[in-house]
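Notes for the one structure printed next.
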Amino acid sequence: MESRRRVLIVDDEPNIVLSLEFLLRQQGYEVAIARDGEEALAAAAARPPHLVVLDVMLPGLDGFEVCRRLRERAELAGLKILLLTARGRDVDRVRGLEEGADAYMSKPFSTRELMTAVAELLEGSGE
Amino acid sequence: MKRLPRTDGHDFEPTVRELRGSLANLRAASEALDLLAPPDESADAKSLRAVVLAEAARLSGIVDHLGAALLPIERPARGRRPLGDLISELAREARADLDLPIDLGAAPPDVPDVRLANGAALVAALLGALGRLRRDFAVGHLALRARLHQGLVALDLLWPASEPELWRLRESHAELLSGGSRGESPLRDVVQAMGGEVWLTVDRAAASAALRLLLPPA
């Protein structure tokens with residue numbers, strides 16, 4: 001029986017991926033990594049995650065576009081999406097969560113807050 | 001007289017974003033390292049780790065403050081600006097910077113002042129959009145009309161446009177409002193951060209187009 005929650009981290013910054021992957025695994029999540037938007041869409045199709053931690057600033061497809069495309073997929077209906085933003089011009093768009101994200105965090109965030117947000121988002125999602 | 005290129009807070013946006021990203025990486029790594037600390041860690045090591053964590057948190061506050069100071073779009077809406085002042089400044093700068101005259105007409109007496117986070121940022125963003133209109137659509141003059149619209153202050157910047165130009169405007173309106181190359185402020189972001197809205201309207205029957213700003217009254 002599969003019970004571990006799967007989290008997909010989408011970020012092209014290896015330094016933050018390393019830390020987030022460690023912290024999420026410490027919390028007992030199964031973690032997958034994608035370094036750009038195309039890789040994220042492929043990873044989500046191959047093994048649907050329960051939650052995606054999605055950076056807005058990505059090479060190629062940006063996080064907003066990845067979010068929109070994930071939301072178009074019927075098989076990912078229960079997916080939770082947490083956007084990571086460096087604010088600036090993202091701020092109003094993200095605040096409106098126009099692309100269908102469930103929550104966002106602005107960099108530099110506290111990883112404790114991020115872990116709490118992940119846990120809260122997954123609490124409400126069914127298997 | 002040749003003028004130097006306009007500089008505004010948005011020029012700092014890439015730097016502030018970079019700072020935010022780098023600090024997020026540093027903070028996440030230091031907080032992850034904290035979990036890896038062995039139970040028999042020396043008091044010195046524990047103290048030094050606490051310094052790293054505290055300084056990362058402190059730097060986060062500094063970067064937030066810096067962003068709010070440098071980037072108008074990160075500031076909460078506040079302040080009050082007489083509408084007449086805003087319009088006069090826009091007209092003066094458009095004529096001086098862009099050689100683009102604006103017919104101001106007469107603002108109706110019941111139009112209130114507007115609430116702005118940063119009037120200079122709005123004028124800069126508007127000039128960026130008007131500069132594109134001047135350059136890419138050969139707009140030679142504008143008329144400005146102010147009125148109250150559903151509780152908001154509506155400012156229309158109107159110009160005559162032929163049918164093909166209207167279609168071209170429709171196609172490029174997103175770029176026009178979001179700002180283009182470096183130095184052109186994203187008008188939509190600036191206006192939305194102030195609690196307002198902006199859109200491009202075209203009137204085929206009247207063969208005219210308008211940049212419409214809806215701003216909250218003070």
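Letters A, B, ... go to the chains of the structure tokens in the order shown; residues in each chain start at 1; ligands are counted from 1 in the same order.
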Which of chain A end up as alpha helix (DSSP H) when DSSP is run on this backbone - answer as a VMD selection string? chain A and resid 14 to 26 37 to 46 63 to 71 90 to 95 111 to 123
Residues of chain B within 8 Å of chain A, counting only C-alpha atoms, what are they? List them as an NGL selection string. :B and (13 or 16-17 or 20-21 or 23-29 or 31-32 or 57 or 60 or 67 or 71 or 73-74 or 186 or 189 or 192-193)
From a DSSP pass on the backbone, collect the residues of stretch 26-172 of chain B flagged as strand (DSSP E or B) and hand them back as an mmCIF file with N, CA, C and O atoms, in the first residue's frame.
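The file below, selection35.cif, is the result:
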data_model
loop_
_atom_site.group_PDB
_atom_site.id
_atom_site.type_symbol
_atom_site.label_atom_id
_atom_site.label_comp_id
_atom_site.auth_asym_id
_atom_site.auth_seq_id
_atom_site.Cartn_x
_atom_site.Cartn_y
_atom_site.Cartn_z
ATOM 1 N N ARG B 81 -3.018 62.049 -4.011
ATOM 2 C CA ARG B 81 -2.417 62.896 -5.029
ATOM 3 C C ARG B 81 -3.527 63.686 -5.715
ATOM 4 O O ARG B 81 -4.473 63.088 -6.235
ATOM 5 N N ILE B 102 -0.702 66.466 -25.049
ATOM 6 C CA ILE B 102 -1.948 65.893 -24.513
ATOM 7 C C ILE B 102 -2.935 67.028 -24.278
ATOM 8 O O ILE B 102 -2.655 67.959 -23.519
ATOM 9 N N ASP B 103 -4.087 66.920 -24.926
ATOM 10 C CA ASP B 103 -5.154 67.898 -24.712
ATOM 11 C C ASP B 103 -5.871 67.517 -23.413
ATOM 12 O O ASP B 103 -6.484 66.448 -23.320
ATOM 13 N N VAL B 114 -6.906 61.085 -6.280
ATOM 14 C CA VAL B 114 -6.722 59.638 -6.331
ATOM 15 C C VAL B 114 -5.741 59.189 -5.258
ATOM 16 O O VAL B 114 -4.921 59.967 -4.783
ATOM 17 N N LEU B 142 -2.789 63.207 -28.002
ATOM 18 C CA LEU B 142 -3.761 62.495 -27.163
ATOM 19 C C LEU B 142 -4.733 63.493 -26.558
ATOM 20 O O LEU B 142 -4.418 64.682 -26.430
ATOM 21 N N ALA B 143 -5.883 62.973 -26.175
ATOM 22 C CA ALA B 143 -6.822 63.782 -25.385
ATOM 23 C C ALA B 143 -7.055 63.054 -24.072
ATOM 24 O O ALA B 143 -7.173 61.822 -24.057
ATOM 25 N N LEU B 144 -7.059 63.775 -22.974
ATOM 26 C CA LEU B 144 -7.278 63.138 -21.673
ATOM 27 C C LEU B 144 -8.635 63.553 -21.124
ATOM 28 O O LEU B 144 -8.967 64.749 -21.077
ATOM 29 N N ARG B 145 -9.416 62.579 -20.702
ATOM 30 C CA ARG B 145 -10.727 62.854 -20.115
ATOM 31 C C ARG B 145 -10.814 62.157 -18.758
ATOM 32 O O ARG B 145 -10.476 60.974 -18.651
ATOM 33 N N ALA B 146 -11.266 62.880 -17.758
ATOM 34 C CA ALA B 146 -11.403 62.308 -16.412
ATOM 35 C C ALA B 146 -12.874 62.298 -16.016
ATOM 36 O O ALA B 146 -13.625 63.225 -16.342
ATOM 37 N N ARG B 147 -13.291 61.239 -15.336
ATOM 38 C CA ARG B 147 -14.681 61.162 -14.875
ATOM 39 C C ARG B 147 -14.765 60.115 -13.772
ATOM 40 O O ARG B 147 -13.807 59.343 -13.552
ATOM 41 N N LEU B 148 -15.878 60.078 -13.111
ATOM 42 C CA LEU B 148 -16.121 59.024 -12.122
ATOM 43 C C LEU B 148 -16.822 57.863 -12.819
ATOM 44 O O LEU B 148 -17.768 58.062 -13.577
ATOM 45 N N HIS B 149 -16.328 56.641 -12.542
ATOM 46 C CA HIS B 149 -16.923 55.467 -13.179
ATOM 47 C C HIS B 149 -17.045 54.384 -12.111
ATOM 48 O O HIS B 149 -16.041 53.851 -11.643
ATOM 49 N N LEU B 152 -14.896 54.694 -9.127
ATOM 50 C CA LEU B 152 -13.456 54.848 -9.382
ATOM 51 C C LEU B 152 -13.228 56.072 -10.269
ATOM 52 O O LEU B 152 -14.126 56.489 -11.012
ATOM 53 N N VAL B 153 -12.018 56.612 -10.173
ATOM 54 C CA VAL B 153 -11.656 57.726 -11.048
ATOM 55 C C VAL B 153 -11.168 57.135 -12.367
ATOM 56 O O VAL B 153 -10.192 56.382 -12.385
ATOM 57 N N ALA B 154 -11.883 57.447 -13.447
ATOM 58 C CA ALA B 154 -11.499 56.922 -14.762
ATOM 59 C C ALA B 154 -10.754 58.003 -15.531
ATOM 60 O O ALA B 154 -11.244 59.117 -15.684
ATOM 61 N N LEU B 155 -9.556 57.645 -15.972
ATOM 62 C CA LEU B 155 -8.775 58.551 -16.827
ATOM 63 C C LEU B 155 -8.649 57.890 -18.195
ATOM 64 O O LEU B 155 -8.093 56.797 -18.307
ATOM 65 N N ASP B 156 -9.175 58.531 -19.215
ATOM 66 C CA ASP B 156 -9.055 58.005 -20.578
ATOM 67 C C ASP B 156 -8.059 58.841 -21.355
ATOM 68 O O ASP B 156 -8.204 60.063 -21.446
ATOM 69 N N LEU B 157 -7.051 58.174 -21.903
ATOM 70 C CA LEU B 157 -6.124 58.839 -22.829
ATOM 71 C C LEU B 157 -6.505 58.359 -24.224
ATOM 72 O O LEU B 157 -6.279 57.192 -24.574
ATOM 73 N N LEU B 158 -7.118 59.250 -25.012
ATOM 74 C CA LEU B 158 -7.713 58.850 -26.294
ATOM 75 C C LEU B 158 -6.879 59.340 -27.478
ATOM 76 O O LEU B 158 -6.252 60.397 -27.409
ATOM 77 N N TRP B 159 -6.936 58.567 -28.560
ATOM 78 C CA TRP B 159 -6.316 59.023 -29.802
ATOM 79 C C TRP B 159 -7.069 58.394 -30.982
ATOM 80 O O TRP B 159 -7.655 57.314 -30.835
ATOM 81 N N PRO B 160 -7.061 59.071 -32.127
ATOM 82 C CA PRO B 160 -7.710 58.507 -33.302
ATOM 83 C C PRO B 160 -6.882 57.364 -33.865
ATOM 84 O O PRO B 160 -5.648 57.421 -33.835
#
Distance atom CA of A:Glu123-atom CA of A:Asp55, one decimal place? 21.7 Å
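From atom CA of B:Ala209 back to atom CA of B:Ala94, the distance works out to 17.9 Å.
If you look at atom CA of B:Arg95 and atom CA of B:Ala161, they are 20.1 Å away from each other.
Closest approach to A:His50 from the set A:Val31, A:Ala103, A:Leu122, A:Leu70 is made by A:Leu122, with distances taken over only C-alpha atoms.
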